[in-house]
>>> print(open('input27.pdb').read())   # PDB, C-alpha atoms and all ligand atoms
ATOM      1  CA  MET T1480     113.101 109.259  96.045  1.00  0.00           C
ATOM      2  CA  GLY T1481     111.054 106.095  95.604  1.00  0.00           C
ATOM      3  CA  MET T1482     111.019 106.050  91.835  1.00  0.00           C
ATOM      4  CA  GLY T1483     108.774 102.987  91.715  1.00  0.00           C
ATOM      5  CA  LEU T1484     105.888 104.732  93.372  1.00  0.00           C
ATOM      6  CA  VAL T1485     106.609 108.057  91.666  1.00  0.00           C
ATOM      7  CA  HIS T1486     106.508 106.235  88.346  1.00  0.00           C
ATOM      8  CA  GLU T1487     103.173 104.608  89.249  1.00  0.00           C
ATOM      9  CA  PHE T1488     101.772 107.982  90.232  1.00  0.00           C
ATOM     10  CA  ARG T1489     102.914 109.734  87.059  1.00  0.00           C
ATOM     11  CA  LYS T1490     101.611 106.846  84.970  1.00  0.00           C
ATOM     12  CA  ALA T1491      98.200 107.201  86.642  1.00  0.00           C
ATOM     13  CA  ARG T1492      98.197 110.932  85.959  1.00  0.00           C
ATOM     14  CA  ARG T1493      99.308 110.490  82.329  1.00  0.00           C
ATOM     15  CA  ILE T1494      96.722 107.828  81.588  1.00  0.00           C
ATOM     16  CA  ARG T1495      93.915 109.859  83.102  1.00  0.00           C
ATOM     17  CA  GLN T1496      94.904 112.881  81.015  1.00  0.00           C
ATOM     18  CA  SER T1497      95.144 110.928  77.768  1.00  0.00           C
ATOM     19  CA  LEU T1498      91.825 109.079  78.075  1.00  0.00           C
ATOM     20  CA  HIS T1499      89.203 109.320  75.364  1.00  0.00           C
ATOM     21  CA  PRO T1500      86.160 111.120  76.916  1.00  0.00           C
ATOM     22  CA  GLU T1501      84.087 107.920  76.736  1.00  0.00           C
ATOM     23  CA  ASP T1502      86.763 105.933  78.585  1.00  0.00           C
ATOM     24  CA  GLY T1503      87.182 108.779  81.064  1.00  0.00           C
ATOM     25  CA  LEU T1504      83.484 108.583  81.887  1.00  0.00           C
ATOM     26  CA  ALA T1505      83.602 104.800  82.297  1.00  0.00           C
ATOM     27  CA  LEU T1506      86.549 105.027  84.708  1.00  0.00           C
ATOM     28  CA  SER T1507      84.906 107.845  86.674  1.00  0.00           C
ATOM     29  CA  ARG T1508      81.815 105.667  87.063  1.00  0.00           C
ATOM     30  CA  ILE T1509      83.859 102.797  88.491  1.00  0.00           C
ATOM     31  CA  CYS T1510      85.718 105.173  90.832  1.00  0.00           C
ATOM     32  CA  LYS T1511      82.385 106.545  92.092  1.00  0.00           C
ATOM     33  CA  GLN T1512      81.221 102.974  92.712  1.00  0.00           C
ATOM     34  CA  ILE T1513      84.395 102.261  94.714  1.00  0.00           C
ATOM     35  CA  HIS T1514      83.763 105.468  96.642  1.00  0.00           C
ATOM     36  CA  ASP T1515      80.279 104.184  97.571  1.00  0.00           C
ATOM     37  CA  THR T1516      81.672 100.817  98.669  1.00  0.00           C
ATOM     38  CA  GLU T1517      84.316 102.588 100.793  1.00  0.00           C
ATOM     39  CA  LYS T1518      81.573 104.651 102.452  1.00  0.00           C
ATOM     40  CA  ALA T1519      79.629 101.462 103.201  1.00  0.00           C
ATOM     41  CA  LEU T1520      82.760  99.782 104.554  1.00  0.00           C
ATOM     42  CA  ASN T1521      83.491 102.697 106.885  1.00  0.00           C
ATOM     43  CA  LEU T1522      79.982 102.363 108.305  1.00  0.00           C
ATOM     44  CA  ALA T1523      80.124  98.583 108.715  1.00  0.00           C
ATOM     45  CA  ALA T1524      83.649  98.640 110.160  1.00  0.00           C
ATOM     46  CA  ARG T1525      83.099 101.491 112.609  1.00  0.00           C
ATOM     47  CA  PRO T1526      83.749  99.392 115.753  1.00  0.00           C
ATOM     48  CA  TYR T1527      87.001  98.051 114.296  1.00  0.00           C
ATOM     49  CA  LEU T1528      88.053 101.510 113.096  1.00  0.00           C
ATOM     50  CA  ASN T1529      87.392 102.962 116.547  1.00  0.00           C
ATOM     51  CA  ARG T1530      90.042 100.605 117.831  1.00  0.00           C
ATOM     52  CA  CYS T1531      92.495 101.916 115.196  1.00  0.00           C
ATOM     53  CA  LEU T1532      91.692 105.497 116.159  1.00  0.00           C
ATOM     54  CA  HIS T1533      91.506 105.305 119.915  1.00  0.00           C
ATOM     55  CA  VAL T1534      93.659 102.335 120.909  1.00  0.00           C
ATOM     56  CA  CYS T1535      96.434 102.313 118.296  1.00  0.00           C
ATOM     57  CA  GLN T1536      96.093 105.847 116.999  1.00  0.00           C
ATOM     58  CA  GLY T1537      96.860 104.694 113.485  1.00  0.00           C
ATOM     59  CA  LEU T1538      99.739 102.332 114.224  1.00  0.00           C
ATOM     60  CA  CYS T1539      99.319 100.787 110.772  1.00  0.00           C
ATOM     61  CA  CYS T1540     100.333 104.066 109.119  1.00  0.00           C
ATOM     62  CA  ARG T1541     103.666 104.108 110.934  1.00  0.00           C
ATOM     63  CA  ASN T1542     106.814 102.295 110.016  1.00  0.00           C
ATOM     64  CA  VAL T1543     105.441 101.113 106.688  1.00  0.00           C
ATOM     65  CA  PHE T1544     106.981 100.111 103.400  1.00  0.00           C
ATOM     66  CA  LEU T1545     104.661 102.182 101.241  1.00  0.00           C
ATOM     67  CA  ASN T1546     105.484 100.496  97.931  1.00  0.00           C
ATOM     68  CA  GLU T1547     103.725  97.413  99.269  1.00  0.00           C
ATOM     69  CA  ILE T1548     100.630  99.369 100.282  1.00  0.00           C
ATOM     70  CA  ILE T1549      99.848 101.820  97.504  1.00  0.00           C
ATOM     71  CA  GLY T1550      99.969 101.393  93.752  1.00  0.00           C
ATOM     72  CA  PHE T1551      98.871 102.556  90.350  1.00  0.00           C
ATOM     73  CA  GLU T1552      95.100 101.849  90.674  1.00  0.00           C
ATOM     74  CA  ASP T1553      94.994 103.660  94.021  1.00  0.00           C
ATOM     75  CA  PHE T1554      96.392 106.756  92.356  1.00  0.00           C
ATOM     76  CA  VAL T1555      93.904 106.483  89.483  1.00  0.00           C
ATOM     77  CA  TYR T1556      91.105 106.255  92.057  1.00  0.00           C
ATOM     78  CA  ILE T1557      92.314 109.118  94.249  1.00  0.00           C
ATOM     79  CA  LEU T1558      93.053 111.447  91.315  1.00  0.00           C
ATOM     80  CA  SER T1559      89.650 110.702  89.816  1.00  0.00           C
ATOM     81  CA  LEU T1560      87.860 111.837  92.992  1.00  0.00           C
ATOM     82  CA  MET T1561      90.327 114.446  94.202  1.00  0.00           C
ATOM     83  CA  PRO T1562      92.277 115.822  91.219  1.00  0.00           C
ATOM     84  CA  ASP T1563      93.324 118.798  93.365  1.00  0.00           C
ATOM     85  CA  LEU T1564      95.582 116.513  95.418  1.00  0.00           C
ATOM     86  CA  ASP T1565      97.818 115.972  92.387  1.00  0.00           C
ATOM     87  CA  VAL T1566     100.588 118.416  93.358  1.00  0.00           C
ATOM     88  CA  GLU T1567     100.518 117.507  97.044  1.00  0.00           C
ATOM     89  CA  ILE T1568     100.883 113.787  96.286  1.00  0.00           C
ATOM     90  CA  GLU T1569     103.800 114.445  93.923  1.00  0.00           C
ATOM     91  CA  ASN T1570     105.525 116.667  96.521  1.00  0.00           C
ATOM     92  CA  ARG T1571     105.059 114.138  99.299  1.00  0.00           C
ATOM     93  CA  LEU T1572     106.405 111.340  97.116  1.00  0.00           C
ATOM     94  CA  LYS T1573     109.724 113.243  97.030  1.00  0.00           C
ATOM     95  CA  ASN T1574     110.121 112.326 100.718  1.00  0.00           C
ATOM     96  CA  LEU T1575     109.521 108.632 100.207  1.00  0.00           C
ATOM     97  CA  ASN T1576     112.215 106.380 101.595  1.00  0.00           C
ATOM     98  CA  ARG T1577     112.355 103.357  99.340  1.00  0.00           C
ATOM     99  CA  LEU T1578     115.058 101.526 101.299  1.00  0.00           C
ATOM    100  CA  TYR T1579     113.622 101.495 104.790  1.00  0.00           C
ATOM    101  CA  THR T1580     110.239 101.394 106.425  1.00  0.00           C
ATOM    102  CA  ALA T1581     109.083 104.791 107.701  1.00  0.00           C
ATOM    103  CA  ASP T1582     105.983 106.689 108.819  1.00  0.00           C
ATOM    104  CA  CYS T1583     103.660 107.104 105.847  1.00  0.00           C
ATOM    105  CA  ILE T1584     104.408 110.223 103.814  1.00  0.00           C
ATOM    106  CA  PHE T1585     100.669 110.829 103.493  1.00  0.00           C
ATOM    107  CA  LEU T1586     100.224 111.558 107.215  1.00  0.00           C
ATOM    108  CA  LYS T1587      99.300 115.201 107.744  1.00  0.00           C
ATOM    109  CA  ASP T1588     102.123 117.092 109.532  1.00  0.00           C
ATOM    110  CA  SER T1589     103.947 113.735 109.838  1.00  0.00           C
ATOM    111  CA  ARG T1590     101.528 112.765 112.641  1.00  0.00           C
ATOM    112  CA  GLY T1591      98.182 112.205 111.000  1.00  0.00           C
ATOM    113  CA  PRO T1592      95.457 111.851 110.152  1.00  0.00           C
ATOM    114  CA  CYS T1593      95.878 110.663 106.591  1.00  0.00           C
ATOM    115  CA  ILE T1594      95.580 113.376 103.926  1.00  0.00           C
ATOM    116  CA  PHE T1595      93.111 111.172 102.048  1.00  0.00           C
ATOM    117  CA  PRO T1596      89.519 111.332 103.342  1.00  0.00           C
ATOM    118  CA  ALA T1597      88.273 108.170 105.075  1.00  0.00           C
ATOM    119  CA  ASP T1598      86.217 107.126 102.026  1.00  0.00           C
ATOM    120  CA  ILE T1599      88.900 107.930  99.427  1.00  0.00           C
ATOM    121  CA  ARG T1600      91.623 105.618 100.694  1.00  0.00           C
ATOM    122  CA  PRO T1601      93.958 103.227  98.909  1.00  0.00           C
ATOM    123  CA  GLU T1602      92.596  99.674  98.750  1.00  0.00           C
ATOM    124  CA  VAL T1603      95.030  98.056 101.201  1.00  0.00           C
ATOM    125  CA  CYS T1604      94.668 100.896 103.736  1.00  0.00           C
ATOM    126  CA  ILE T1605      90.911 100.549 103.948  1.00  0.00           C
ATOM    127  CA  THR T1606      90.536  96.768 103.686  1.00  0.00           C
ATOM    128  CA  SER T1607      93.290  95.576 106.065  1.00  0.00           C
ATOM    129  CA  PHE T1608      92.653  94.933 109.728  1.00  0.00           C
ATOM    130  CA  CYS T1609      94.670  93.128 112.377  1.00  0.00           C
ATOM    131  CA  ILE T1610      91.605  91.317 113.725  1.00  0.00           C
ATOM    132  CA  GLU T1611      88.761  89.263 112.263  1.00  0.00           C
ATOM    133  CA  THR T1612      86.083  91.587 110.839  1.00  0.00           C
ATOM    134  CA  PRO T1613      83.003  89.399 110.313  1.00  0.00           C
ATOM    135  CA  ASN T1614      80.608  92.378 110.273  1.00  0.00           C
ATOM    136  CA  ALA T1615      82.445  94.019 107.425  1.00  0.00           C
ATOM    137  CA  SER T1616      83.602  91.115 105.278  1.00  0.00           C
ATOM    138  CA  ARG T1617      80.957  91.716 102.585  1.00  0.00           C
ATOM    139  CA  GLN T1618      81.890  95.401 102.347  1.00  0.00           C
ATOM    140  CA  ILE T1619      85.622  94.578 102.273  1.00  0.00           C
ATOM    141  CA  GLY T1620      84.913  92.187  99.385  1.00  0.00           C
ATOM    142  CA  ALA T1621      82.969  94.898  97.552  1.00  0.00           C
ATOM    143  CA  VAL T1622      85.856  97.396  97.801  1.00  0.00           C
ATOM    144  CA  LYS T1623      88.357  94.778  96.585  1.00  0.00           C
ATOM    145  CA  TRP T1624      86.075  93.836  93.704  1.00  0.00           C
ATOM    146  CA  GLY T1625      85.792  97.522  92.748  1.00  0.00           C
ATOM    147  CA  PHE T1626      89.568  97.924  92.543  1.00  0.00           C
ATOM    148  CA  GLN T1627      89.817  94.718  90.521  1.00  0.00           C
ATOM    149  CA  LYS T1628      87.246  96.108  88.096  1.00  0.00           C
ATOM    150  CA  LEU T1629      89.183  99.375  87.917  1.00  0.00           C
ATOM    151  CA  ALA T1630      92.412  97.497  87.054  1.00  0.00           C
ATOM    152  CA  TRP T1631      90.666  95.606  84.220  1.00  0.00           C
ATOM    153  CA  SER T1632      89.003  98.755  82.904  1.00  0.00           C
ATOM    154  CA  VAL T1633      92.254 100.737  82.844  1.00  0.00           C
ATOM    155  CA  ARG T1634      93.874  97.920  80.834  1.00  0.00           C
ATOM    156  CA  LEU T1635      90.939  97.914  78.428  1.00  0.00           C
ATOM    157  CA  CYS T1636      91.056 101.702  78.029  1.00  0.00           C
ATOM    158  CA  ARG T1637      94.784 101.601  77.297  1.00  0.00           C
ATOM    159  CA  THR T1638      94.233  98.970  74.614  1.00  0.00           C
ATOM    160  CA  ARG T1639      91.446 101.039  73.077  1.00  0.00           C
ATOM    161  CA  THR T1640      93.680 104.162  73.116  1.00  0.00           C
ATOM    162  CA  LEU T1641      96.366 102.164  71.300  1.00  0.00           C
ATOM    163  CA  PHE T1642      93.901 100.949  68.653  1.00  0.00           C
ATOM    164  CA  ARG T1643      92.632 104.500  68.114  1.00  0.00           C
ATOM    165  CA  LYS T1644      96.211 105.666  67.537  1.00  0.00           C
ATOM    166  CA  ILE T1645      96.840 102.846  65.047  1.00  0.00           C
ATOM    167  CA  GLU T1646      93.631 103.791  63.235  1.00  0.00           C
ATOM    168  CA  LEU T1647      94.821 107.413  63.044  1.00  0.00           C
ATOM    169  CA  ILE T1648      98.234 106.617  61.489  1.00  0.00           C
ATOM    170  CA  ARG T1649      96.841 104.171  58.946  1.00  0.00           C
TER     171      ARG T1649
HETATM  172  S1  LIG T1701      94.438  97.582 112.090  1.00  0.00           S
HETATM  173 FE1  LIG T1701      94.965  96.901 114.141  1.00  0.00          FE
HETATM  174  S2  LIG T1701      97.130  97.436 114.447  1.00  0.00           S
HETATM  175 FE2  LIG T1701      96.337  98.628 112.712  1.00  0.00          FE
HETATM  176  S3  LIG T1701      95.735 100.585 113.590  1.00  0.00           S
HETATM  177 FE3  LIG T1701      93.929  99.243 113.496  1.00  0.00          FE
HETATM  178  S4  LIG T1701      93.795  98.244 115.489  1.00  0.00           S
HETATM  179 FE4  LIG T1701      95.859  99.117 115.265  1.00  0.00          FE
HETATM  180  S1  LIG T1702      97.866 106.354 102.799  1.00  0.00           S
HETATM  181 FE1  LIG T1702      96.851 107.086 104.631  1.00  0.00          FE
HETATM  182  S2  LIG T1702      95.781 105.303 105.489  1.00  0.00           S
HETATM  183 FE2  LIG T1702      97.307 104.553 104.018  1.00  0.00          FE
HETATM  184  S3  LIG T1702      99.148 104.112 105.238  1.00  0.00           S
HETATM  185 FE3  LIG T1702      99.334 106.220 104.489  1.00  0.00          FE
HETATM  186  S4  LIG T1702      98.501 107.524 106.106  1.00  0.00           S
HETATM  187 FE4  LIG T1702      97.809 105.420 106.473  1.00  0.00          FE
END
>>> encode(input="input27.pdb", output="structure tokens")
Amino acid sequence: MGMGLVHEFRKARRIRQSLHPEDGLALSRICKQIHDTEKALNLAARPYLNRCLHVCQGLCCRNVFLNEIIGFEDFVYILSLMPDLDVEIENRLKNLNRLYTADCIFLKDSRGPCIFPADIRPEVCITSFCIETPNASRQIGAVKWGFQKLAWSVRLCRTRTLFRKIELIR
């Protein structure tokens, strides 16, 4: 089992569950903003994505080293928008090969498509293309900026949670 990624996933779940309601709302807002930027990116990148679908049939989801593609913030984002996927993600992570590259464990029936909807995808999955994407560069930047903001906000929330605990035991 790829403990690295499992650990990141469980950390994302734990942090989401332990958030103060105010912090929970702030993170949900950022995740909704990312969701909007992903929708906009899918629209702008349609011609490039058609190539992925019809020419390669999702080559980029095969033979991957998933630890380099997905991480903690992606799980925070996905769980925020689709909390029902919690158990399925955990179960699929049990099949992760952390030594070798392999077809992505998040491909439905091992063939695809991805179990995550097109506008609720991990950052690297949705912003990486094998060709120049001039018509979508602004939207790619917006998605990346959203995930950056999410990373900062999670750090801030964790610090605030720590301070609240210190206040309580004083
Ligand atoms: S990004 Fe390029 S290599 Fe990957 S699936 Fe799309 S067209 Fe194929
Ligand atoms: S998470 Fe989805 S889009 Fe990303 S590599 Fe896996 S199957 Fe492909």
>>> residues_near_ligand(input="input27.pdb", ligand="ligand LIG 1701 (chain T)", cutoff="12 Å", atoms="all atoms listed in the file", output="ChimeraX atom specification")
/T:1524-1543,1592,1603-1612
>>> residues_near_point(input="input27.pdb", point="(82.4, 102.2, 83.7)", cutoff="12 Å", atoms="all atoms listed in the file", output="MDAnalysis selection string")
chainID T and resid 1500:1513 1625 1628:1633 1635:1636
>>> atom_distance(input="input27.pdb", atom1="atom CA of T:Arg1489", atom2="atom CA of T:Leu1586")
20.4 Å
>>> atom_distance(input="input27.pdb", atom1="atom CA of T:Ala1519", atom2="atom CA of T:Glu1487")
27.5 Å
>>> residues_around(input="input27.pdb", residues="stretch 1544-1548 of chain T", least_positions_apart="3", cutoff="10 Å", atoms="all atoms listed in the file", output="MDAnalysis selection string")
chainID T and resid 1481:1485 1487 1540:1541 1553 1575:1585 1601:1604
>>> axis_aligned_box(input="input27.pdb", around="ligand LIG 1702 (chain T)", padding_each_side="3 Å", output="lines of an AutoDock Vina configuration file")
center_x = 97.6
center_y = 105.8
center_z = 104.6
size_x = 9.6
size_y = 9.4
size_z = 9.7
>>> closest_residue(input="input27.pdb", among="T:Lys1573, T:Lys1587, T:Arg1617, T:His1499", to="ligand LIG 1702 (chain T)", atoms="all atoms listed in the file")
T:Lys1587
>>> resolve_selection(input="input27.pdb", expression="the PyMOL selection byres (((chain T and resi 1565) around 12) and not hetatm)", output="mmCIF file with C-alpha atoms, in the frame of the given file")
data_model
loop_
_atom_site.group_PDB
_atom_site.id
_atom_site.type_symbol
_atom_site.label_atom_id
_atom_site.label_comp_id
_atom_site.auth_asym_id
_atom_site.auth_seq_id
_atom_site.Cartn_x
_atom_site.Cartn_y
_atom_site.Cartn_z
ATOM 1 C CA VAL T 1485 106.609 108.057 91.666
ATOM 2 C CA PHE T 1488 101.772 107.982 90.232
ATOM 3 C CA ARG T 1489 102.914 109.734 87.059
ATOM 4 C CA ALA T 1491 98.200 107.201 86.642
ATOM 5 C CA ARG T 1492 98.197 110.932 85.959
ATOM 6 C CA ARG T 1493 99.308 110.490 82.329
ATOM 7 C CA ARG T 1495 93.915 109.859 83.102
ATOM 8 C CA PHE T 1554 96.392 106.756 92.356
ATOM 9 C CA VAL T 1555 93.904 106.483 89.483
ATOM 10 C CA TYR T 1556 91.105 106.255 92.057
ATOM 11 C CA ILE T 1557 92.314 109.118 94.249
ATOM 12 C CA LEU T 1558 93.053 111.447 91.315
ATOM 13 C CA SER T 1559 89.650 110.702 89.816
ATOM 14 C CA LEU T 1560 87.860 111.837 92.992
ATOM 15 C CA MET T 1561 90.327 114.446 94.202
ATOM 16 C CA PRO T 1562 92.277 115.822 91.219
ATOM 17 C CA ASP T 1563 93.324 118.798 93.365
ATOM 18 C CA LEU T 1564 95.582 116.513 95.418
ATOM 19 C CA VAL T 1566 100.588 118.416 93.358
ATOM 20 C CA GLU T 1567 100.518 117.507 97.044
ATOM 21 C CA ILE T 1568 100.883 113.787 96.286
ATOM 22 C CA GLU T 1569 103.800 114.445 93.923
ATOM 23 C CA ASN T 1570 105.525 116.667 96.521
ATOM 24 C CA ARG T 1571 105.059 114.138 99.299
ATOM 25 C CA LEU T 1572 106.405 111.340 97.116
ATOM 26 C CA PHE T 1595 93.111 111.172 102.048
#
>>> closest_atom_pairs(input="input27.pdb", of="stretch 1500-1576 of chain T", to="stretch 1597-1600 of chain T", cutoff="7 Å", atoms="all atoms listed in the file", output="CSV")
residue,atom,partner,partner_atom,distance
T:His1514,CA,T:Asp1598,CA,6.1
T:Glu1517,CA,T:Asp1598,CA,5.1
T:Lys1518,CA,T:Asp1598,CA,5.3
T:Ile1557,CA,T:Ile1599,CA,6.3
>>> atom_distance(input="input27.pdb", atom1="atom CA of T:Cys1593", atom2="atom FE3 of ligand LIG 1702 (chain T)")
6.0 Å
>>> closest_residue(input="input27.pdb", among="T:Ile1594, T:Leu1522, T:Ser1497, T:Trp1624", to="ligand LIG 1702 (chain T)", atoms="all atoms listed in the file")
T:Ile1594
>>> build_atoms(input="input27.pdb", residues="stretch 1555-1565 of chain T", atoms="all heavy atoms", output="PDB file, in the coordinates of the input")
ATOM      1  N   VAL T1555      94.965 106.191  90.461  1.00  0.00           N
ATOM      2  CA  VAL T1555      93.904 106.483  89.483  1.00  0.00           C
ATOM      3  C   VAL T1555      92.618 106.841  90.243  1.00  0.00           C
ATOM      4  O   VAL T1555      91.936 107.819  89.932  1.00  0.00           O
ATOM      5  CB  VAL T1555      93.641 105.270  88.544  1.00  0.00           C
ATOM      6  CG1 VAL T1555      92.409 105.512  87.662  1.00  0.00           C
ATOM      7  CG2 VAL T1555      94.851 104.980  87.676  1.00  0.00           C
ATOM      8  N   TYR T1556      92.318 106.043  91.259  1.00  0.00           N
ATOM      9  CA  TYR T1556      91.105 106.255  92.057  1.00  0.00           C
ATOM     10  C   TYR T1556      91.134 107.614  92.769  1.00  0.00           C
ATOM     11  O   TYR T1556      90.194 108.414  92.657  1.00  0.00           O
ATOM     12  CB  TYR T1556      90.979 105.105  93.070  1.00  0.00           C
ATOM     13  CG  TYR T1556      89.898 105.283  94.108  1.00  0.00           C
ATOM     14  CD1 TYR T1556      88.566 105.460  93.735  1.00  0.00           C
ATOM     15  CD2 TYR T1556      90.212 105.273  95.467  1.00  0.00           C
ATOM     16  CE1 TYR T1556      87.571 105.624  94.697  1.00  0.00           C
ATOM     17  CE2 TYR T1556      89.224 105.431  96.429  1.00  0.00           C
ATOM     18  CZ  TYR T1556      87.916 105.605  96.040  1.00  0.00           C
ATOM     19  OH  TYR T1556      86.925 105.762  96.989  1.00  0.00           O
ATOM     20  N   ILE T1557      92.229 107.876  93.470  1.00  0.00           N
ATOM     21  CA  ILE T1557      92.314 109.118  94.249  1.00  0.00           C
ATOM     22  C   ILE T1557      92.277 110.343  93.329  1.00  0.00           C
ATOM     23  O   ILE T1557      91.557 111.307  93.590  1.00  0.00           O
ATOM     24  CB  ILE T1557      93.574 109.119  95.141  1.00  0.00           C
ATOM     25  CG1 ILE T1557      93.426 108.061  96.244  1.00  0.00           C
ATOM     26  CG2 ILE T1557      93.814 110.495  95.764  1.00  0.00           C
ATOM     27  CD1 ILE T1557      94.707 107.696  96.955  1.00  0.00           C
ATOM     28  N   LEU T1558      93.031 110.289  92.234  1.00  0.00           N
ATOM     29  CA  LEU T1558      93.053 111.447  91.315  1.00  0.00           C
ATOM     30  C   LEU T1558      91.707 111.661  90.649  1.00  0.00           C
ATOM     31  O   LEU T1558      91.336 112.787  90.329  1.00  0.00           O
ATOM     32  CB  LEU T1558      94.134 111.256  90.246  1.00  0.00           C
ATOM     33  CG  LEU T1558      95.578 111.450  90.718  1.00  0.00           C
ATOM     34  CD1 LEU T1558      96.550 111.171  89.573  1.00  0.00           C
ATOM     35  CD2 LEU T1558      95.800 112.862  91.259  1.00  0.00           C
ATOM     36  N   SER T1559      90.967 110.566  90.448  1.00  0.00           N
ATOM     37  CA  SER T1559      89.650 110.702  89.816  1.00  0.00           C
ATOM     38  C   SER T1559      88.696 111.470  90.739  1.00  0.00           C
ATOM     39  O   SER T1559      87.926 112.322  90.291  1.00  0.00           O
ATOM     40  CB  SER T1559      89.098 109.310  89.503  1.00  0.00           C
ATOM     41  OG  SER T1559      87.765 109.406  89.109  1.00  0.00           O
ATOM     42  N   LEU T1560      88.771 111.185  92.050  1.00  0.00           N
ATOM     43  CA  LEU T1560      87.860 111.837  92.992  1.00  0.00           C
ATOM     44  C   LEU T1560      88.408 113.146  93.553  1.00  0.00           C
ATOM     45  O   LEU T1560      87.643 114.030  93.923  1.00  0.00           O
ATOM     46  CB  LEU T1560      87.520 110.872  94.132  1.00  0.00           C
ATOM     47  CG  LEU T1560      86.548 109.789  93.672  1.00  0.00           C
ATOM     48  CD1 LEU T1560      86.796 108.496  94.390  1.00  0.00           C
ATOM     49  CD2 LEU T1560      85.122 110.235  93.851  1.00  0.00           C
ATOM     50  N   MET T1561      89.729 113.226  93.639  1.00  0.00           N
ATOM     51  CA  MET T1561      90.327 114.446  94.202  1.00  0.00           C
ATOM     52  C   MET T1561      91.485 114.919  93.333  1.00  0.00           C
ATOM     53  O   MET T1561      92.654 114.886  93.771  1.00  0.00           O
ATOM     54  CB  MET T1561      90.816 114.180  95.634  1.00  0.00           C
ATOM     55  CG  MET T1561      89.704 113.810  96.584  1.00  0.00           C
ATOM     56  SD  MET T1561      90.261 113.912  98.285  1.00  0.00           S
ATOM     57  CE  MET T1561      90.210 115.649  98.590  1.00  0.00           C
ATOM     58  N   PRO T1562      91.193 115.395  92.114  1.00  0.00           N
ATOM     59  CA  PRO T1562      92.277 115.822  91.219  1.00  0.00           C
ATOM     60  C   PRO T1562      93.138 116.934  91.825  1.00  0.00           C
ATOM     61  O   PRO T1562      94.312 117.059  91.499  1.00  0.00           O
ATOM     62  CB  PRO T1562      91.545 116.294  89.953  1.00  0.00           C
ATOM     63  CG  PRO T1562      90.104 116.415  90.323  1.00  0.00           C
ATOM     64  CD  PRO T1562      89.869 115.544  91.507  1.00  0.00           C
ATOM     65  N   ASP T1563      92.564 117.696  92.752  1.00  0.00           N
ATOM     66  CA  ASP T1563      93.324 118.798  93.365  1.00  0.00           C
ATOM     67  C   ASP T1563      94.496 118.314  94.227  1.00  0.00           C
ATOM     68  O   ASP T1563      95.359 119.107  94.587  1.00  0.00           O
ATOM     69  CB  ASP T1563      92.408 119.659  94.245  1.00  0.00           C
ATOM     70  CG  ASP T1563      91.388 120.417  93.407  1.00  0.00           C
ATOM     71  OD1 ASP T1563      91.520 120.388  92.168  1.00  0.00           O
ATOM     72  OD2 ASP T1563      90.476 121.031  93.990  1.00  0.00           O
ATOM     73  N   LEU T1564      94.484 117.026  94.578  1.00  0.00           N
ATOM     74  CA  LEU T1564      95.582 116.513  95.418  1.00  0.00           C
ATOM     75  C   LEU T1564      96.838 116.187  94.606  1.00  0.00           C
ATOM     76  O   LEU T1564      97.864 115.810  95.162  1.00  0.00           O
ATOM     77  CB  LEU T1564      95.132 115.249  96.168  1.00  0.00           C
ATOM     78  CG  LEU T1564      94.355 115.435  97.458  1.00  0.00           C
ATOM     79  CD1 LEU T1564      94.078 114.088  98.111  1.00  0.00           C
ATOM     80  CD2 LEU T1564      95.129 116.322  98.438  1.00  0.00           C
ATOM     81  N   ASP T1565      96.731 116.332  93.296  1.00  0.00           N
ATOM     82  CA  ASP T1565      97.818 115.972  92.387  1.00  0.00           C
ATOM     83  C   ASP T1565      99.193 116.497  92.845  1.00  0.00           C
ATOM     84  O   ASP T1565     100.129 115.724  93.053  1.00  0.00           O
ATOM     85  CB  ASP T1565      97.465 116.499  90.978  1.00  0.00           C
ATOM     86  CG  ASP T1565      98.454 116.066  89.936  1.00  0.00           C
ATOM     87  OD1 ASP T1565      99.657 116.297  90.146  1.00  0.00           O
ATOM     88  OD2 ASP T1565      98.046 115.496  88.921  1.00  0.00           O
TER      89      ASP T1565
END
